[in-house]
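> Supplied structure: upload_8.cif, mmCIF, C-alpha atoms.
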data_protein
#
loop_
_atom_site.label_atom_id
_atom_site.label_comp_id
_atom_site.auth_asym_id
_atom_site.auth_seq_id
_atom_site.Cartn_x
_atom_site.Cartn_y
_atom_site.Cartn_z
CA MET A 1 13.12 11.82 -3.90
CA PRO A 2 14.64 13.87 -1.07
CA ALA A 3 15.33 16.69 -3.53
CA LYS A 4 11.77 16.60 -4.74
CA ALA A 5 10.28 16.61 -1.26
CA SER A 6 12.34 19.42 0.20
CA ARG A 7 11.02 21.80 -2.42
CA ASP A 8 7.75 21.87 -0.55
CA SER A 9 7.93 22.59 3.17
CA VAL A 10 6.30 20.06 5.45
CA ARG A 11 4.08 22.77 6.90
CA GLY A 12 2.93 23.77 3.41
CA LEU A 13 2.24 20.16 2.48
CA VAL A 14 0.21 19.54 5.65
CA ASP A 15 -1.78 22.75 5.16
CA SER A 16 -2.77 21.73 1.64
CA LEU A 17 -3.42 18.17 2.80
CA LEU A 18 -5.98 19.49 5.27
CA GLU A 19 -7.66 21.27 2.36
CA GLY A 20 -7.91 17.90 0.60
CA ASP A 21 -4.99 18.26 -1.83
CA LYS A 22 -4.11 14.83 -3.18
CA ARG A 23 -0.69 15.78 -4.47
CA SER A 24 0.31 16.78 -0.92
CA ALA A 25 -1.11 13.54 0.45
CA GLY A 26 0.99 11.58 -2.05
CA LYS A 27 4.14 13.49 -1.16
CA LEU A 28 3.62 13.24 2.60
CA ILE A 29 3.14 9.48 2.39
CA SER A 30 6.41 9.23 0.43
CA LEU A 31 8.26 11.30 3.04
CA ILE A 32 7.08 8.95 5.77
CA GLU A 33 7.59 5.81 3.73
CA ASP A 34 11.17 6.77 2.85
CA ASP A 35 11.79 7.72 6.49
CA GLU A 36 13.10 11.14 5.48
CA PRO A 37 14.25 13.47 8.26
CA GLU A 38 11.07 15.52 7.71
CA ALA A 39 8.87 12.48 8.43
CA VAL A 40 8.82 13.09 12.18
CA GLU A 41 7.61 16.67 11.73
CA ALA A 42 5.05 15.51 9.18
CA VAL A 43 3.52 12.96 11.56
CA THR A 44 3.55 15.48 14.44
CA ARG A 45 1.67 18.03 12.33
CA ILE A 46 -0.80 15.51 10.92
CA PHE A 47 -1.63 13.62 14.09
CA PRO A 48 -3.91 16.24 15.73
CA HIS A 49 -6.13 16.10 12.64
CA THR A 50 -6.66 12.34 12.75
CA GLY A 51 -9.04 9.99 14.52
CA ARG A 52 -12.11 10.59 12.42
CA ALA A 53 -11.77 7.85 9.81
CA HIS A 54 -13.02 4.33 10.37
CA VAL A 55 -10.20 1.96 9.42
CA VAL A 56 -11.10 -1.37 7.82
CA GLY A 57 -8.43 -4.01 7.24
CA LEU A 58 -8.88 -6.76 4.65
CA THR A 59 -6.70 -9.82 4.86
CA GLY A 60 -6.64 -13.30 3.36
CA PRO A 61 -4.63 -15.52 1.01
CA PRO A 62 -3.24 -14.23 -2.30
CA GLY A 63 -5.76 -14.24 -5.13
CA VAL A 64 -8.78 -14.58 -2.86
CA GLY A 65 -10.22 -11.31 -4.17
CA LYS A 66 -9.25 -8.67 -1.60
CA SER A 67 -8.53 -5.93 -4.17
CA SER A 68 -11.70 -6.70 -6.12
CA LEU A 69 -13.76 -6.60 -2.92
CA ILE A 70 -12.23 -3.28 -1.93
CA ASN A 71 -12.99 -1.93 -5.40
CA ARG A 72 -16.66 -2.87 -4.92
CA LEU A 73 -16.75 -1.60 -1.34
CA VAL A 74 -15.28 1.73 -2.39
CA ARG A 75 -18.08 2.13 -4.90
CA ALA A 76 -20.69 1.03 -2.34
CA PHE A 77 -19.52 3.58 0.24
CA ARG A 78 -19.09 6.29 -2.39
CA SER A 79 -22.73 5.84 -3.34
CA ARG A 80 -23.57 6.35 0.35
CA GLY A 81 -21.80 9.69 0.16
CA LYS A 82 -18.62 8.66 2.00
CA THR A 83 -15.10 9.61 0.97
CA VAL A 84 -12.74 6.67 0.88
CA GLY A 85 -9.00 6.05 1.14
CA VAL A 86 -7.20 2.80 0.32
CA VAL A 87 -3.71 1.65 1.28
CA ALA A 88 -2.83 -1.57 -0.54
CA VAL A 89 0.29 -3.48 0.49
CA ASP A 90 2.19 -5.88 -1.76
CA PRO A 91 5.43 -7.75 -1.04
CA THR A 92 8.95 -6.48 -1.68
CA SER A 93 11.41 -8.87 -3.31
CA PRO A 94 13.77 -10.20 -0.65
CA TYR A 95 16.46 -10.47 -3.34
CA THR A 96 16.40 -7.15 -5.18
CA GLY A 97 14.33 -4.86 -2.95
CA GLY A 98 12.04 -4.23 -5.92
CA ALA A 99 8.31 -4.76 -6.10
CA VAL A 100 5.45 -4.89 -8.57
CA LEU A 101 2.41 -3.28 -7.00
CA GLY A 102 -0.63 -4.51 -8.85
CA ASP A 103 -3.60 -3.97 -6.53
CA ARG A 104 -4.51 -0.80 -8.39
CA ILE A 105 -5.45 -2.79 -11.49
CA ARG A 106 -8.52 -4.19 -9.75
CA MET A 107 -9.46 -0.76 -8.50
CA ALA A 108 -9.33 0.89 -11.92
CA ASP A 109 -13.07 1.66 -11.86
CA THR A 110 -12.66 4.20 -9.13
CA GLY A 111 -9.68 5.78 -10.88
CA ALA A 112 -10.24 9.50 -11.07
CA ASP A 113 -13.13 9.83 -8.57
CA PRO A 114 -12.26 12.91 -6.49
CA GLY A 115 -13.63 11.22 -3.35
CA VAL A 116 -11.19 8.30 -3.59
CA PHE A 117 -7.47 8.07 -2.89
CA ILE A 118 -5.56 4.83 -3.50
CA ARG A 119 -1.95 4.33 -2.45
CA SER A 120 0.10 1.21 -3.15
CA MET A 121 2.86 0.27 -0.77
CA ALA A 122 5.62 -2.33 -0.73
CA THR A 123 6.42 -4.18 2.51
CA ARG A 124 10.13 -3.29 2.26
CA GLY A 125 11.07 -6.25 4.40
CA HIS A 126 8.49 -5.73 7.14
CA ALA A 127 6.84 -8.99 8.21
CA GLY A 128 3.25 -9.36 9.39
CA GLY A 129 1.47 -8.48 6.15
CA LEU A 130 1.88 -4.71 6.35
CA ALA A 131 4.60 -2.14 5.66
CA LEU A 132 6.15 -0.11 8.46
CA ALA A 133 4.61 3.09 7.12
CA THR A 134 1.15 1.66 6.42
CA PHE A 135 -0.61 3.21 9.38
CA ASP A 136 1.10 6.56 9.05
CA ALA A 137 -0.21 6.56 5.48
CA VAL A 138 -3.65 5.78 6.90
CA ARG A 139 -3.27 8.86 9.12
CA VAL A 140 -2.45 11.03 6.13
CA LEU A 141 -5.68 9.89 4.44
CA ASP A 142 -7.59 10.32 7.70
CA ALA A 143 -6.34 13.91 8.04
CA MET A 144 -7.23 14.57 4.40
CA GLY A 145 -10.82 13.88 5.41
CA SER A 146 -11.48 10.30 4.31
CA ASP A 147 -14.49 8.87 6.13
CA LEU A 148 -13.28 5.32 5.64
CA VAL A 149 -9.82 3.94 4.99
CA PHE A 150 -9.40 0.40 3.70
CA VAL A 151 -6.08 -1.35 4.29
CA GLU A 152 -5.32 -4.36 2.13
CA THR A 153 -2.62 -6.62 3.56
CA VAL A 154 -0.27 -8.65 1.40
CA GLY A 155 -1.70 -12.02 0.51
CA ALA A 156 -1.60 -13.51 3.98
CA GLY A 157 -0.96 -17.09 4.98
CA GLN A 158 -1.80 -18.18 8.48
CA SER A 159 0.07 -15.88 10.80
CA GLU A 160 -0.08 -12.38 9.30
CA VAL A 161 -2.31 -11.07 12.04
CA GLU A 162 -0.83 -7.61 12.59
CA ILE A 163 -3.75 -5.92 10.86
CA ALA A 164 -6.14 -6.92 13.66
CA SER A 165 -4.27 -4.92 16.26
CA ARG A 166 -4.41 -1.79 14.08
CA ALA A 167 -7.68 -1.65 12.18
CA HIS A 168 -11.05 -0.85 13.74
CA THR A 169 -12.73 -3.58 11.73
CA THR A 170 -10.82 -6.58 10.42
CA VAL A 171 -12.34 -8.45 7.48
CA VAL A 172 -10.93 -11.91 6.79
CA VAL A 173 -11.51 -13.09 3.23
CA GLU A 174 -11.53 -16.77 2.28
CA MET A 175 -12.73 -18.68 -0.75
CA PRO A 176 -14.25 -22.15 -1.26
CA LEU A 177 -12.23 -25.28 -2.01
CA THR A 178 -9.14 -24.27 -0.05
CA GLY A 179 -8.99 -26.91 2.65
CA ASP A 180 -10.91 -29.04 5.08
CA VAL A 181 -12.29 -28.22 8.51
CA VAL A 182 -8.88 -28.58 10.16
CA GLN A 183 -7.59 -25.61 8.13
CA THR A 184 -10.29 -23.43 9.62
CA MET A 185 -9.54 -24.73 13.13
CA LYS A 186 -5.91 -23.63 13.06
CA ALA A 187 -4.81 -20.70 15.15
CA GLY A 188 -3.98 -17.39 13.50
CA ILE A 189 -5.68 -15.55 10.72
CA LEU A 190 -9.03 -17.27 11.19
CA GLU A 191 -9.27 -15.99 14.74
CA ILE A 192 -8.87 -12.31 14.05
CA GLY A 193 -11.88 -11.41 11.92
CA ASP A 194 -14.65 -9.07 13.02
CA VAL A 195 -16.32 -9.96 9.74
CA TYR A 196 -15.68 -13.04 7.58
CA VAL A 197 -16.17 -13.13 3.84
CA VAL A 198 -16.52 -16.20 1.70
CA ASN A 199 -15.72 -14.76 -1.71
CA LYS A 200 -16.05 -16.38 -5.14
CA VAL A 201 -19.29 -18.13 -4.19
CA ASP A 202 -19.84 -18.39 -7.94
CA LEU A 203 -17.34 -21.27 -7.81
CA GLY A 204 -19.85 -23.25 -5.74
CA ASN A 205 -19.13 -25.48 -2.73
CA GLU A 206 -19.19 -22.49 -0.40
CA ASP A 207 -21.54 -24.18 2.10
CA VAL A 208 -18.75 -26.40 3.40
CA LEU A 209 -16.50 -23.43 4.12
CA VAL A 210 -19.32 -21.42 5.71
CA ALA A 211 -20.15 -24.38 7.96
CA ASN A 212 -16.50 -24.85 8.89
CA LEU A 213 -16.11 -21.16 9.71
CA LYS A 214 -19.30 -21.19 11.80
CA PHE A 215 -17.91 -24.12 13.74
CA GLN A 216 -14.95 -22.15 14.99
CA LEU A 217 -16.35 -18.63 15.36
CA GLU A 218 -17.18 -17.40 18.80
CA THR A 219 -18.85 -14.39 20.32
CA ARG A 220 -16.34 -12.05 21.93
CA ASP A 221 -17.31 -8.97 23.99
CA GLY A 222 -20.85 -9.19 22.69
CA TRP A 223 -19.96 -9.33 18.98
CA THR A 224 -20.50 -12.41 16.85
CA PRO A 225 -18.59 -12.12 13.57
CA PRO A 226 -20.98 -12.49 10.64
CA ILE A 227 -20.09 -14.59 7.61
CA ILE A 228 -20.89 -12.80 4.35
CA ARG A 229 -21.08 -14.57 0.99
CA THR A 230 -19.82 -12.54 -1.94
CA ALA A 231 -18.83 -12.76 -5.59
CA ALA A 232 -16.77 -9.62 -5.96
CA LEU A 233 -16.44 -9.62 -9.74
CA GLU A 234 -20.21 -9.84 -10.17
CA GLY A 235 -20.87 -7.48 -7.28
CA ARG A 236 -22.90 -10.04 -5.34
CA GLY A 237 -23.13 -9.65 -1.55
CA ILE A 238 -21.34 -6.31 -1.50
CA ASP A 239 -24.21 -4.42 0.12
CA ASP A 240 -24.38 -7.09 2.85
CA LEU A 241 -20.66 -6.69 3.45
CA ALA A 242 -20.86 -2.89 3.56
CA ALA A 243 -23.75 -3.20 6.02
CA ALA A 244 -21.77 -5.62 8.20
CA ILE A 245 -18.86 -3.17 8.31
CA GLU A 246 -21.19 -0.34 9.31
CA LYS A 247 -22.81 -2.53 11.95
CA HIS A 248 -19.42 -3.37 13.44
CA ALA A 249 -18.48 0.32 13.44
CA SER A 250 -21.57 1.23 15.44
CA TYR A 251 -21.05 -1.76 17.74
CA LEU A 252 -17.55 -0.38 18.50
CA ASP A 253 -19.02 3.03 19.29
CA GLN A 254 -21.75 1.67 21.55
CA SER A 255 -19.66 -0.92 23.41
CA GLY A 256 -16.65 1.31 24.06
CA GLY A 257 -14.66 -1.09 21.90
CA ARG A 258 -13.36 1.69 19.70
CA ARG A 259 -11.63 3.40 22.59
CA LYS A 260 -10.21 0.05 23.77
CA ARG A 261 -8.77 -0.67 20.34
CA GLU A 262 -7.31 2.81 20.06
CA VAL A 263 -5.51 2.42 23.37
CA ALA A 264 -4.21 -1.04 22.45
CA ARG A 265 -2.93 0.34 19.16
CA ALA A 266 -1.31 3.30 20.88
CA ARG A 267 0.58 0.94 23.19
CA LEU A 268 1.79 -1.06 20.24
CA GLU A 269 2.89 2.02 18.32
CA ILE A 270 4.73 3.58 21.25
CA LEU A 271 6.64 0.36 21.84
CA GLU A 272 7.43 0.05 18.15
CA ASN A 273 8.84 3.53 18.03
CA VAL A 274 10.89 2.94 21.16
CA GLN A 275 12.27 -0.14 19.49
CA ARG A 276 13.07 1.73 16.32
CA LEU A 277 14.74 4.61 18.14
CA LEU A 278 16.78 2.22 20.27
CA VAL A 279 17.93 0.24 17.28
CA ARG A 280 18.88 3.41 15.47
CA ARG A 281 20.70 4.88 18.46
CA VAL A 282 22.58 1.68 19.10
CA SER A 283 23.53 0.73 15.57
CA GLU A 284 24.00 4.13 13.95
CA GLY A 285 25.55 6.41 16.56
CA SER A 286 29.26 6.65 15.82
CA ARG A 287 30.38 5.93 19.37
CA SER A 288 28.03 3.05 20.02
CA GLY A 289 28.76 1.99 16.44
CA ARG A 290 32.29 1.08 17.46
CA ALA A 291 31.04 -0.54 20.64
CA PHE A 292 28.61 -2.51 18.51
CA ASP A 293 31.41 -3.71 16.21
CA LYS A 294 33.48 -4.74 19.21
CA LEU A 295 30.58 -6.67 20.78
CA ALA A 296 29.87 -8.42 17.48
CA GLU A 297 33.50 -9.56 17.40
CA ASP A 298 33.21 -10.75 21.01
CA VAL A 299 30.08 -12.75 20.29
CA ALA A 300 31.56 -14.27 17.13
CA ALA A 301 34.64 -15.27 19.12
CA ARG A 302 32.40 -16.84 21.80
CA ARG A 303 33.68 -14.45 24.48
CA LEU A 304 30.15 -13.20 25.09
CA ASP A 305 26.66 -14.44 24.31
CA PRO A 306 24.23 -12.29 22.25
CA HIS A 307 21.86 -11.70 25.18
CA ALA A 308 24.64 -10.37 27.41
CA ALA A 309 25.99 -8.28 24.53
CA ALA A 310 22.61 -6.63 24.01
CA ARG A 311 22.33 -5.74 27.70
CA LYS A 312 25.84 -4.36 27.65
CA LEU A 313 25.09 -2.25 24.59
CA LEU A 314 22.00 -0.75 26.19
CA GLY A 315 24.06 0.00 29.29
CA SER A 316 21.72 1.80 31.65
CA GLY A 317 18.64 0.04 30.27
CA PRO A 318 16.83 -2.81 31.99
CA THR A 319 19.16 -5.70 32.68
CA THR A 320 16.71 -8.44 33.51
CA ALA A 321 17.19 -11.32 31.14
CA ARG A 322 14.11 -12.59 29.37
CA MET B 323 7.61 4.11 -11.12
CA LEU B 324 4.28 3.83 -12.85
CA ILE B 325 3.82 1.66 -15.91
CA ALA B 326 0.57 2.40 -17.68
CA LYS B 327 -1.24 1.52 -20.86
CA PRO B 328 -3.46 4.27 -22.18
CA GLY B 329 -5.76 3.61 -25.08
CA LEU B 330 -7.70 0.64 -26.29
CA ASP B 331 -5.23 -1.98 -27.46
CA GLY B 332 -4.85 -5.06 -25.29
CA HIS B 333 -1.19 -5.80 -25.90
CA ASP B 334 0.40 -5.45 -22.49
CA ARG B 335 3.21 -7.97 -22.84
CA GLY B 336 5.80 -5.22 -23.31
CA ALA B 337 4.52 -3.18 -20.38
CA LYS B 338 4.67 -6.26 -18.16
CA VAL B 339 8.19 -7.17 -19.27
CA VAL B 340 9.38 -3.64 -18.47
CA ALA B 341 7.58 -3.65 -15.09
CA ARG B 342 9.26 -6.93 -14.23
CA ALA B 343 12.69 -5.68 -15.31
CA LEU B 344 12.36 -2.57 -13.16
CA ARG B 345 11.33 -4.75 -10.22
CA ASP B 346 14.40 -6.91 -10.71
CA ALA B 347 16.51 -3.76 -10.69
CA GLY B 348 15.20 -3.00 -7.20
CA MET B 349 12.50 -0.47 -8.05
CA GLU B 350 8.93 -0.29 -6.84
CA VAL B 351 6.67 -0.45 -9.86
CA ILE B 352 2.97 0.24 -9.95
CA TYR B 353 1.26 -1.42 -12.87
CA THR B 354 -2.15 0.05 -13.62
CA GLY B 355 -3.39 -2.40 -16.21
CA LEU B 356 -5.05 -1.93 -19.56
CA ARG B 357 -7.24 0.76 -21.07
CA GLN B 358 -6.47 3.67 -18.80
CA THR B 359 -7.43 7.23 -19.68
CA PRO B 360 -4.78 9.96 -19.39
CA GLU B 361 -6.81 11.28 -16.42
CA ASP B 362 -6.63 7.88 -14.65
CA ILE B 363 -2.88 7.70 -15.24
CA VAL B 364 -2.16 11.20 -13.94
CA GLU B 365 -4.40 10.67 -10.92
CA ALA B 366 -2.56 7.41 -10.12
CA ALA B 367 0.85 9.05 -10.57
CA ILE B 368 -0.06 11.82 -8.12
CA GLN B 369 -1.54 9.53 -5.49
CA GLU B 370 1.42 7.16 -5.74
CA ASP B 371 3.88 10.10 -5.90
CA VAL B 372 5.98 8.40 -8.57
CA ASP B 373 9.25 9.68 -10.05
CA ALA B 374 8.51 8.54 -13.58
CA ILE B 375 5.75 7.18 -15.80
CA GLY B 376 6.28 4.69 -18.60
CA LEU B 377 3.51 4.75 -21.21
CA SER B 378 2.99 1.93 -23.65
CA SER B 379 0.80 1.95 -26.70
CA LEU B 380 0.59 -0.27 -29.75
CA SER B 381 -2.59 1.13 -31.21
CA GLY B 382 -1.35 4.25 -32.96
CA ALA B 383 -3.10 6.62 -30.55
CA HIS B 384 0.15 7.75 -28.93
CA MET B 385 0.17 11.21 -30.56
CA THR B 386 -3.10 12.03 -28.82
CA LEU B 387 -2.73 10.21 -25.52
CA PHE B 388 0.92 10.70 -24.55
CA PRO B 389 1.10 14.52 -24.83
CA GLU B 390 -2.23 14.67 -22.97
CA VAL B 391 -0.62 12.89 -19.99
CA VAL B 392 2.20 15.48 -19.95
CA ARG B 393 -0.28 18.34 -20.23
CA LEU B 394 -2.44 17.05 -17.34
CA LEU B 395 0.64 16.51 -15.15
CA LYS B 396 1.67 20.13 -15.66
CA LYS B 397 -1.86 21.26 -14.90
CA ARG B 398 -1.70 19.39 -11.59
CA ARG B 399 1.63 21.01 -10.64
CA SER B 400 3.39 17.69 -11.20
CA GLY B 401 5.45 18.51 -14.26
CA ASP B 402 8.52 17.18 -12.43
CA ILE B 403 7.36 13.62 -13.06
CA VAL B 404 9.36 12.20 -15.98
CA VAL B 405 7.28 10.66 -18.79
CA VAL B 406 8.73 8.13 -21.23
CA ALA B 407 7.12 6.05 -23.94
CA GLY B 408 7.37 2.63 -25.51
CA GLY B 409 5.51 0.48 -27.99
CA ILE B 410 4.97 0.78 -31.70
CA ILE B 411 5.84 4.39 -32.47
CA PRO B 412 6.86 5.48 -35.99
CA GLU B 413 10.27 7.12 -36.26
CA GLU B 414 8.79 10.40 -37.54
CA ASP B 415 6.63 10.78 -34.40
CA VAL B 416 9.58 10.61 -32.02
CA PRO B 417 10.74 14.25 -32.37
CA LYS B 418 7.15 15.45 -32.05
CA LEU B 419 6.66 13.45 -28.85
CA LYS B 420 9.90 14.82 -27.46
CA ARG B 421 8.80 18.35 -28.22
CA ALA B 422 5.55 17.55 -26.37
CA GLY B 423 7.56 16.71 -23.25
CA ILE B 424 8.10 12.95 -23.55
CA LYS B 425 11.66 12.49 -22.28
CA ALA B 426 12.51 9.30 -24.19
CA VAL B 427 10.94 6.87 -26.63
CA PHE B 428 11.93 3.21 -26.44
CA GLY B 429 10.96 1.37 -29.60
CA PRO B 430 10.97 -2.38 -30.24
CA GLY B 431 14.41 -3.92 -29.81
CA THR B 432 15.56 -1.48 -27.14
CA PRO B 433 17.69 -3.48 -24.69
CA LEU B 434 16.01 -3.71 -21.27
CA SER B 435 19.23 -2.46 -19.68
CA VAL B 436 18.84 0.88 -21.49
CA ILE B 437 15.28 1.27 -20.18
CA VAL B 438 16.26 0.21 -16.67
CA SER B 439 19.14 2.66 -16.43
CA PHE B 440 16.93 5.47 -17.70
CA PHE B 441 14.40 4.81 -14.93
CA GLU B 442 17.19 4.49 -12.39
CA LYS B 443 18.39 7.98 -13.27
CA ALA B 444 14.85 9.33 -13.15
CA GLY B 445 14.47 7.85 -9.67
CA LYS B 446 17.54 9.70 -8.48
CA GLY B 447 16.07 12.98 -9.70
CA ALA B 448 18.54 13.33 -12.58
#
Represent the structure contained in this file as structure tokens.

Amino acid sequence: MPAKASRDSVRGLVDSLLEGDKRSAGKLISLIEDDEPEAVEAVTRIFPHTGRAHVVGLTGPPGVGKSSLINRLVRAFRSRGKTVGVVAVDPTSPYTGGAVLGDRIRMADTGADPGVFIRSMATRGHAGGLALATFDAVRVLDAMGSDLVFVETVGAGQSEVEIASRAHTTVVVEMPLTGDVVQTMKAGILEIGDVYVVNKVDLGNEDVLVANLKFQLETRDGWTPPIIRTAALEGRGIDDLAAAIEKHASYLDQSGGRRKREVARARLEILENVQRLLVRRVSEGSRSGRAFDKLAEDVAARRLDPHAAARKLLGSGPTTAR
Amino acid sequence: MLIAKPGLDGHDRGAKVVARALRDAGMEVIYTGLRQTPEDIVEAAIQEDVDAIGLSSLSGAHMTLFPEVVRLLKKRRSGDIVVVAGGIIPEEDVPKLKRAGIKAVFGPGTPLSVIVSFFEKAGKGA
């Protein structure tokens, strides 16, 4: 892939991206995802052109219907004249590093629509339900001119809550018959929704889940998360869901919540990058590489504990133990 | 890698087996599902920025659909994406497909290891 990417200059790719060229969007996302040397320049050039798209995250257990819902939502927003991007994350095998990315199957309807761009992404070992490059990919689609970008997390269990700190609107998808009221009382994924969806209502028994969700939802900063009933495959409830997303978007604009979320996300991203740069400097630099090897030996031989070794490696950095 | 099934037949066992084998070899495989048009497949390949596309067909429509995928890729300035084929393809069609730009044809009985190593090379830009 490096050979392929270097044929087009980053500047050229970004220029055509801004004109809406999908091939450039695809290539730029790969550059960033593969952490090529050009990735930094790419993000720097793209960033000034971002901030227009409304980012909607969908999360929930595997098989609950996230891809099918996104497929329907894409069509709903397309018919309202919006352009739409999708970044769909699926897990990487911890054993081989390979992945089968299958979210696109459910989105086949929207296939060649010029106003839609769908990118699949493997987690590549990143925990939290997203891939490291997910939100840089969102920026590429934002800069390309997408009005909305949907992010589908990997099938999430109870603690994959990263999406909430990054999306403008987080949609948590559940389905009937998946547990009693105690499941919905647990901390984690069922706290993070701005909108809740009970999908597959065609299975019946959804009233119990809706009641259980209602029991634990609370109003925060003047927003009470709505609970929307849908049957994605039949297209039921999709307009209600699209309306709820729009309502939350305008709530964010009116309440100043959008700005607050952007700042919180910026903090998170700065820290993440600091972390990444530090790790790289410490573990890859040839001089600190040897120091690192030496410290590892020391820790293994019980001459030093890992906390002290880390502080020593960072040298001038903060030395307060946590 | 993109594994796709153009055309109308519903036999995707082979495509799934290949997708799984590529996954186990450490590759990221996008599977697009059944009944895709050449346009859908090319659009997906561009958005996903894949190195190679594996097309599977058991319906006999390969002589129409496979070259069309290659033609559309070239039209979209993406002729560098390698296209290979599998499925039920008569021996006499193989040279014609190759002339149309299909890089390899893997008929029934091809060992998975042969297919995997072909895709591995394609991924390295060989």
> Take the point (2.7, 17.6, -15.6) as written in the file and pick out every residue within 12 Å of it, counting all atoms listed in the file; give the list as a PyMOL selection string.
(chain A and resi 23) or (chain B and resi 360-361+363-365+367-368+373-375+388-405+422-424)
> May I have the centre and edge lengths, in Å to one decimal, of an axis-aligned box around the listed atoms of stretch 297-300 of chain A with 5 Å added to every side, as lines of an AutoDock Vina configuration file?

center_x = 31.8
center_y = -11.9
center_z = 19.1
size_x = 13.4
size_y = 14.7
size_z = 13.9
> Taking 5 positions as the minimum chain separation for residues in the same chain, which residues sit within 9 Å of B:Leu387 when counting all atoms listed in the file? Answer as a VMD selection string.
chain B and resid 328 to 329 359 to 360
> Can you write out the residues you just picked, keeping C-alpha atoms, as a CSV table (one decimal), keeping the file's coordinate frame?

chain,number,residue,atom,x,y,z
B,328,PRO,CA,-3.5,4.3,-22.2
B,329,GLY,CA,-5.8,3.6,-25.1
B,359,THR,CA,-7.4,7.2,-19.7
B,360,PRO,CA,-4.8,10.0,-19.4
> Run the PyMOL selection byres ((chain B) within 8 of (chain A)) mentally over the shown coordinates, then write out the matched residues as a list in words, using the chain letters and numbers from the document.
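Going through the file, the PyMOL selection byres ((chain B) within 8 of (chain A)) ends up selecting Ala341, Arg342, Leu344, Arg345, Asp346, Ala347, Gly348, Met349, Glu350, Val351, Ile352, Tyr353, Thr354, Gly355, Gln358, Glu361, Asp362, Glu365, Ala366, Ile368, Gln369, Glu370, Asp371, Asp373, Gly445, Lys446 and Gly447 of chain B.
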> In Å, how far is it from atom CA of A:Ala131 to atom CA of A:Thr83?
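The value is 23.4 Å.
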> Which residues match the PyMOL selection byres ((chain A and resi 132-135) around 8) in the file above, as a ChimeraX atom specification?
/A:32-33,87,89,121,123,126,130-131,136-139,166
> One decimal, Å: what's the distance from atom CA of A:Ala296 over to atom CA of A:Ala310, could you say?
9.9 Å
> Rounded to one decimal place, report the atom CA of A:Pro226-atom CA of A:Val195 distance in Å.
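We find that atom CA of A:Pro226 and atom CA of A:Val195 lie 5.4 Å from each other.
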> Which residues are near A:Thr153? Cut-off 8 Å, all atoms listed in the file, ignore same chain within fewer than 2 positions. Put them as a ChimeraX atom specification.
/A:57-60,88-90,129-130,151,155-156,163
> Any idea what's packed within 12 Å of stretch 426-435 of chain B, counting all atoms listed in the file, ignoring anything in its chain fewer than 6 positions away? Could you give it as a ChimeraX atom specification?
/B:336-337,339-344,346-347,374-380,384,388,404-420,441-442,444
> Please determine, counting only C-alpha atoms, which residue among A:Val55, A:Gly128, A:Thr219, A:Lys66 has the shortest atom-to-atom distance to A:Pro91.
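Result for the nearest residue to A:Pro91: A:Gly128.
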> I need the output of the PyMOL selection byres ((chain A and resi 252) around 12) for this file as a PyMOL selection string; which residues are they?
chain A and resi 54-55+167-169+194+221-223+245-251+253-262
> List as a list in words the protein and nucleic acid residues near A:Phe77, meaning an atom at most 9 Å away when all atoms listed in the file are counted, but skip any in the same chain fewer than 6 places from it.
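My list of contacting residues is Thr83, Val84, Leu148 and Ala242 of chain A.
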